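Student: Before I ask anything, here is the structure I am working with.
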Amino acid sequence: MADDYLVRIGKLIRDARQHRGWTQTQLAEALATSQSAVNRIERGNQNISLEMIARIGEALDSEIVSLGYAGPMHLRVVGRRRLSGSIDVKTSKNACVALLCATLLNKGRTVLRRVARIEEVFRLLEVLNSIGVRTRWINDGVDLEIVPPAELDMESIDAEAAIRTRSIIMFLGPLLHRMDRFKLPYAGGCDLGTRTIEPHMIALRRFGLDITATEGLYHAQVEKAVAPDRPIVLTERGDTVTENALLAAARHDGVTVIRNASSNYMVQDLCFFLEALGVRVDGVGTTTLTVHGVPEIDVDVDYSPSEDPVEAMSLLAAAVVTESELTIRRVPIEFLEIELAVLEEMGLDHDRSAEYAADNGRTRLVDLTVRPSKLEAPIDKIHPMPFPGLNIDNVPFFAAIAATAQGQTLIHDWVYDNRAIYLTDLNRLGGRLQLLDPHRVLVEGPTRWRAAEMMCPPALRPAVVVLLAMMAAEGTSVLRNVYVINRGYEELAERLNSVGAQIEIFRDI
């Protein structure tokens, strides 16, 4: 076998093992071999027979490994099926990735409960493992344990995994406390147009971080004597910018004031986690955060991230477009109130339970029941605003919802360069969406959805919107190469099937 083939097989085996929640030692025991042999296989440093590949596939219950090279994952969707019953919202993707980055602040053991098992998390774990952080899934693969090394090995960073996630940018805040110089690969993620990191740099320069970008790398240098001497004013109220400033301030020996901060759900979860680490944060939920930094953090901590409001909106939209009655449980209501207010004006029939606390003890949850409704287009345009406004990531779902409503809806997605363009993919499924400019789209409803075969848009939320429209369409649709959906949703097809959808996962062989 060629070396690159062995490396490719090794990565497939590693991914399948991590997805199963096994350590290398556990896989070695199942194969009656040594942990070092499994390590060599996963690194592509050992010849491997087809028989051994088949044994590994059987041990891990993984069709991917048993086939050898895995092609892209596709979905075959039989539409016009009503959903029913109830479905739980999973923990927040954006909170989980921020918390994984935040574990770099801590010298002790961190346990994160019910971590989202998604590609974005898997890529970050690959990066953390490559620099010496020990991670393992525990409690039958439900929770995640993270133990850092005494010294990080930044020279061995997994660049391939790093460039597939924009979350890597949040390594900057923690790392500036751990070393004087380091390199990070350019941040990747969804294809949503140009997204500058300059707001991050403006904030982090106040902590002595200087960045130059060459040959696909950020070269970072830290001047330890530099520290904020006045409040940091963020030039944009972005989520990751606020998180990076928080991560930098957490181990600054002093008080840092961050103004124009995001107060969105993932930022609040990060603040709650920092408090568990012993870092006091005043003003959580507001646009001014005061961080009382701790220069050394060495504690064993156990934390439960809260549920994902964007996934809750996805499931709500699935019920609306399929004209179904569905109960969505564990909805973080504080971060969906504006969306529900808009939908009420459009005529949504729904009710909600009394509020109860999430596992973190802070986030407010409800169970939301949505019923088939005759919707009217909203009078005002749909547009995002920083929290507590309509969530930026929830805007695309209004394209599918508006397509089921009577009348015209103007959607203005002013944040991203390309996302409104991707929404016009709904036209291939019978939608009537007119692109006015790269940020504005006019949606005409109601829509008679029809089946189609198409490639998945290269952005997470528009990709899910296309899937939802396929669920509403008459006939059988195919959505090809859905890796981008797996970046942000855990077993979405299987979970939708559990409430009545008919979605088949398949690969080209």
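Naming scheme: A, B, ... for chains in displayed order of the structure tokens; residues 1 onward per chain; ligands 1 onward as shown.
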Quick one: pick out all strand (DSSP E) residues within segment 179-266 of chain A from a backbone DSSP run and write them as a PyMOL selection string.
Tutor: chain A and resi 181-185+209-214+217-222+232-233+255-259
Student: Pick out the closest residue to Glu490 of chain A from this set: A:Glu119, A:Trp22, A:Gly108, A:Arg81. Count only C-alpha atoms.
Tutor: A:Glu119
Student: Residues within 10 Å of Leu423 of chain A, please, as number ranges by chain. Count only C-alpha atoms; anything in the same chain fewer than 4 positions from it doesn't count.
Tutor: A: 396-397, 399-400, 418-419, 427, 431, 433-435, 441, 443, 457, 461-463, 465-466
Student: Take the selection from the previous step and output its residues with N, CA and C atoms, as a JSON list (two decimals), in the first residue's frame.
Tutor:
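Done, and the output landed in out_8.json:
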```
[["chain", "number", "residue", "atom", "x", "y", "z"],
["A", 396, "PRO", "N", -31.56, 31.95, 8.23],
["A", 396, "PRO", "CA", -31.86, 31.06, 7.10],
["A", 396, "PRO", "C", -33.12, 30.23, 7.28],
["A", 397, "PHE", "N", -33.46, 29.85, 8.52],
["A", 397, "PHE", "CA", -34.65, 29.03, 8.72],
["A", 397, "PHE", "C", -35.93, 29.80, 8.39],
["A", 399, "ALA", "N", -36.24, 31.55, 5.81],
["A", 399, "ALA", "CA", -36.45, 31.42, 4.37],
["A", 399, "ALA", "C", -37.39, 30.26, 4.08],
["A", 400, "ALA", "N", -37.15, 29.11, 4.74],
["A", 400, "ALA", "CA", -38.03, 27.96, 4.55],
["A", 400, "ALA", "C", -39.41, 28.22, 5.14],
["A", 418, "ASN", "N", -22.14, 35.64, 1.56],
["A", 418, "ASN", "CA", -22.66, 34.67, 0.60],
["A", 418, "ASN", "C", -23.94, 33.97, 1.01],
["A", 419, "ARG", "N", -24.34, 34.06, 2.25],
["A", 419, "ARG", "CA", -25.36, 33.15, 2.74],
["A", 419, "ARG", "C", -26.72, 33.35, 2.06],
["A", 427, "ASN", "N", -34.92, 27.28, -4.67],
["A", 427, "ASN", "CA", -35.66, 27.36, -5.94],
["A", 427, "ASN", "C", -35.64, 26.04, -6.69],
["A", 431, "GLY", "N", -39.13, 26.43, -4.58],
["A", 431, "GLY", "CA", -39.26, 27.73, -3.94],
["A", 431, "GLY", "C", -39.25, 28.86, -4.95],
["A", 433, "LEU", "N", -37.69, 32.28, -4.66],
["A", 433, "LEU", "CA", -36.85, 33.23, -3.97],
["A", 433, "LEU", "C", -36.11, 34.09, -4.99],
["A", 434, "GLN", "N", -36.19, 35.38, -4.83],
["A", 434, "GLN", "CA", -35.55, 36.32, -5.75],
["A", 434, "GLN", "C", -34.40, 37.01, -5.01],
["A", 435, "LEU", "N", -33.19, 36.85, -5.55],
["A", 435, "LEU", "CA", -32.03, 37.48, -4.92],
["A", 435, "LEU", "C", -31.96, 38.94, -5.37],
["A", 441, "VAL", "N", -32.88, 38.75, 0.03],
["A", 441, "VAL", "CA", -33.63, 37.82, -0.80],
["A", 441, "VAL", "C", -35.11, 38.00, -0.49],
["A", 443, "VAL", "N", -38.78, 36.31, -0.62],
["A", 443, "VAL", "CA", -39.38, 34.97, -0.61],
["A", 443, "VAL", "C", -40.88, 35.10, -0.86],
["A", 457, "PRO", "N", -25.22, 22.90, 0.06],
["A", 457, "PRO", "CA", -24.54, 24.19, 0.11],
["A", 457, "PRO", "C", -23.36, 24.12, 1.08],
["A", 461, "ARG", "N", -26.08, 26.37, 8.04],
["A", 461, "ARG", "CA", -27.52, 26.61, 8.18],
["A", 461, "ARG", "C", -28.27, 26.53, 6.86],
["A", 462, "PRO", "N", -27.78, 27.13, 5.76],
["A", 462, "PRO", "CA", -28.47, 26.94, 4.48],
["A", 462, "PRO", "C", -28.57, 25.47, 4.08],
["A", 463, "ALA", "N", -27.55, 24.66, 4.44],
["A", 463, "ALA", "CA", -27.59, 23.23, 4.12],
["A", 463, "ALA", "C", -28.75, 22.56, 4.84],
["A", 465, "VAL", "N", -31.47, 24.03, 5.90],
["A", 465, "VAL", "CA", -32.71, 24.56, 5.32],
["A", 465, "VAL", "C", -33.10, 23.77, 4.08],
["A", 466, "VAL", "N", -32.12, 23.44, 3.25],
["A", 466, "VAL", "CA", -32.39, 22.63, 2.05],
["A", 466, "VAL", "C", -32.93, 21.26, 2.47]]
```
Student: Select, from A:Arg206, A:His412, A:His219, A:Arg114, the residue with the minimum atom-to-atom distance to Glu307 of chain A, counting only C-alpha atoms.
Tutor: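 Closest to Glu307 of chain A, using only C-alpha atoms: A:Arg114.
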Student: Which polymer residues have any atom within 12 Å of an atom of Val78 of chain A, counting only C-alpha atoms, with same-chain residues fewer than 5 positions away left out, as a count of residues only?
Tutor: 26
Student: Give the answer as one residue: which of A:Ser373, A:Thr110, A:Ser306, A:Asn129 has the shortest atom-to-atom distance to Gln406 of chain A, using only C-alpha atoms?
Tutor: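 Ranking A:Ser373, A:Thr110, A:Ser306, A:Asn129 by distance to Gln406 of chain A, first place goes to A:Ser373.
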Student: Enumerate the residues of segment 108-257 of chain A with a DSSP assignment of alpha helix (DSSP H), computed from the backbone, and present them as an NGL selection string.
Tutor: :A and (119-130 or 159-162 or 172-175 or 198-204 or 239-250)
Student: Can you tell me, as a list in words, what residues are no more than 10 Å from Ala245 of chain A when counting only C-alpha atoms, ignoring any on the same chain fewer than 2 positions away?
Tutor: Met170, Leu172, Gly173, Pro174, His200, Met201, Ile202, Ala203, Leu204, Arg206, Phe207, Ile232, Leu234, Thr240, Val241, Thr242, Glu243, Leu247, Ala248, Ala249, Ala250, Thr256, Val257, Ile258, Ala261 and Val291 of chain A
Student: Atom CA of Leu340 of chain A to atom CA of Asp437 of chain A: how many Å, to one decimal?
Tutor: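 If I compute the distance from atom CA of Leu340 of chain A to atom CA of Asp437 of chain A, I get 27.2 Å.
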Student: What is the atom CA of Asn47 of chain A-atom CA of Gln26 of chain A distance in Å, reported with one decimal?
Tutor: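 Computed distance, atom CA of Asn47 of chain A to atom CA of Gln26 of chain A, equals 20.6 Å.
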Student: If we count only C-alpha atoms, what is near segment 4-13 of chain A at a cut-off of 6 Å, once residues fewer than 4 positions away on the same chain are taken out, given as an MDAnalysis selection string?
Tutor: chainID A and resid 41:44
Student: Produce a file of the selected residues containing N, CA, C and O atoms, as a PDB file, in the first residue's frame.
Tutor:
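As a result, part-v6.pdb now contains:
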```pdb
ATOM      1  N   ILE A  41      -1.064   2.122  13.447  1.00  0.00           N
ATOM      2  CA  ILE A  41      -2.068   2.003  12.386  1.00  0.00           C
ATOM      3  C   ILE A  41      -2.723   3.354  12.131  1.00  0.00           C
ATOM      4  O   ILE A  41      -2.870   3.795  10.976  1.00  0.00           O
ATOM      5  N   GLU A  42      -3.110   4.040  13.209  1.00  0.00           N
ATOM      6  CA  GLU A  42      -3.817   5.314  13.051  1.00  0.00           C
ATOM      7  C   GLU A  42      -2.912   6.402  12.477  1.00  0.00           C
ATOM      8  O   GLU A  42      -3.397   7.347  11.851  1.00  0.00           O
ATOM      9  N   ARG A  43      -1.622   6.289  12.682  1.00  0.00           N
ATOM     10  CA  ARG A  43      -0.680   7.261  12.128  1.00  0.00           C
ATOM     11  C   ARG A  43      -0.257   6.908  10.703  1.00  0.00           C
ATOM     12  O   ARG A  43       0.470   7.676  10.059  1.00  0.00           O
ATOM     13  N   GLY A  44      -0.717   5.746  10.216  1.00  0.00           N
ATOM     14  CA  GLY A  44      -0.335   5.328   8.871  1.00  0.00           C
ATOM     15  C   GLY A  44       1.065   4.770   8.790  1.00  0.00           C
ATOM     16  O   GLY A  44       1.676   4.736   7.717  1.00  0.00           O
TER      17      GLY A  44
END
```
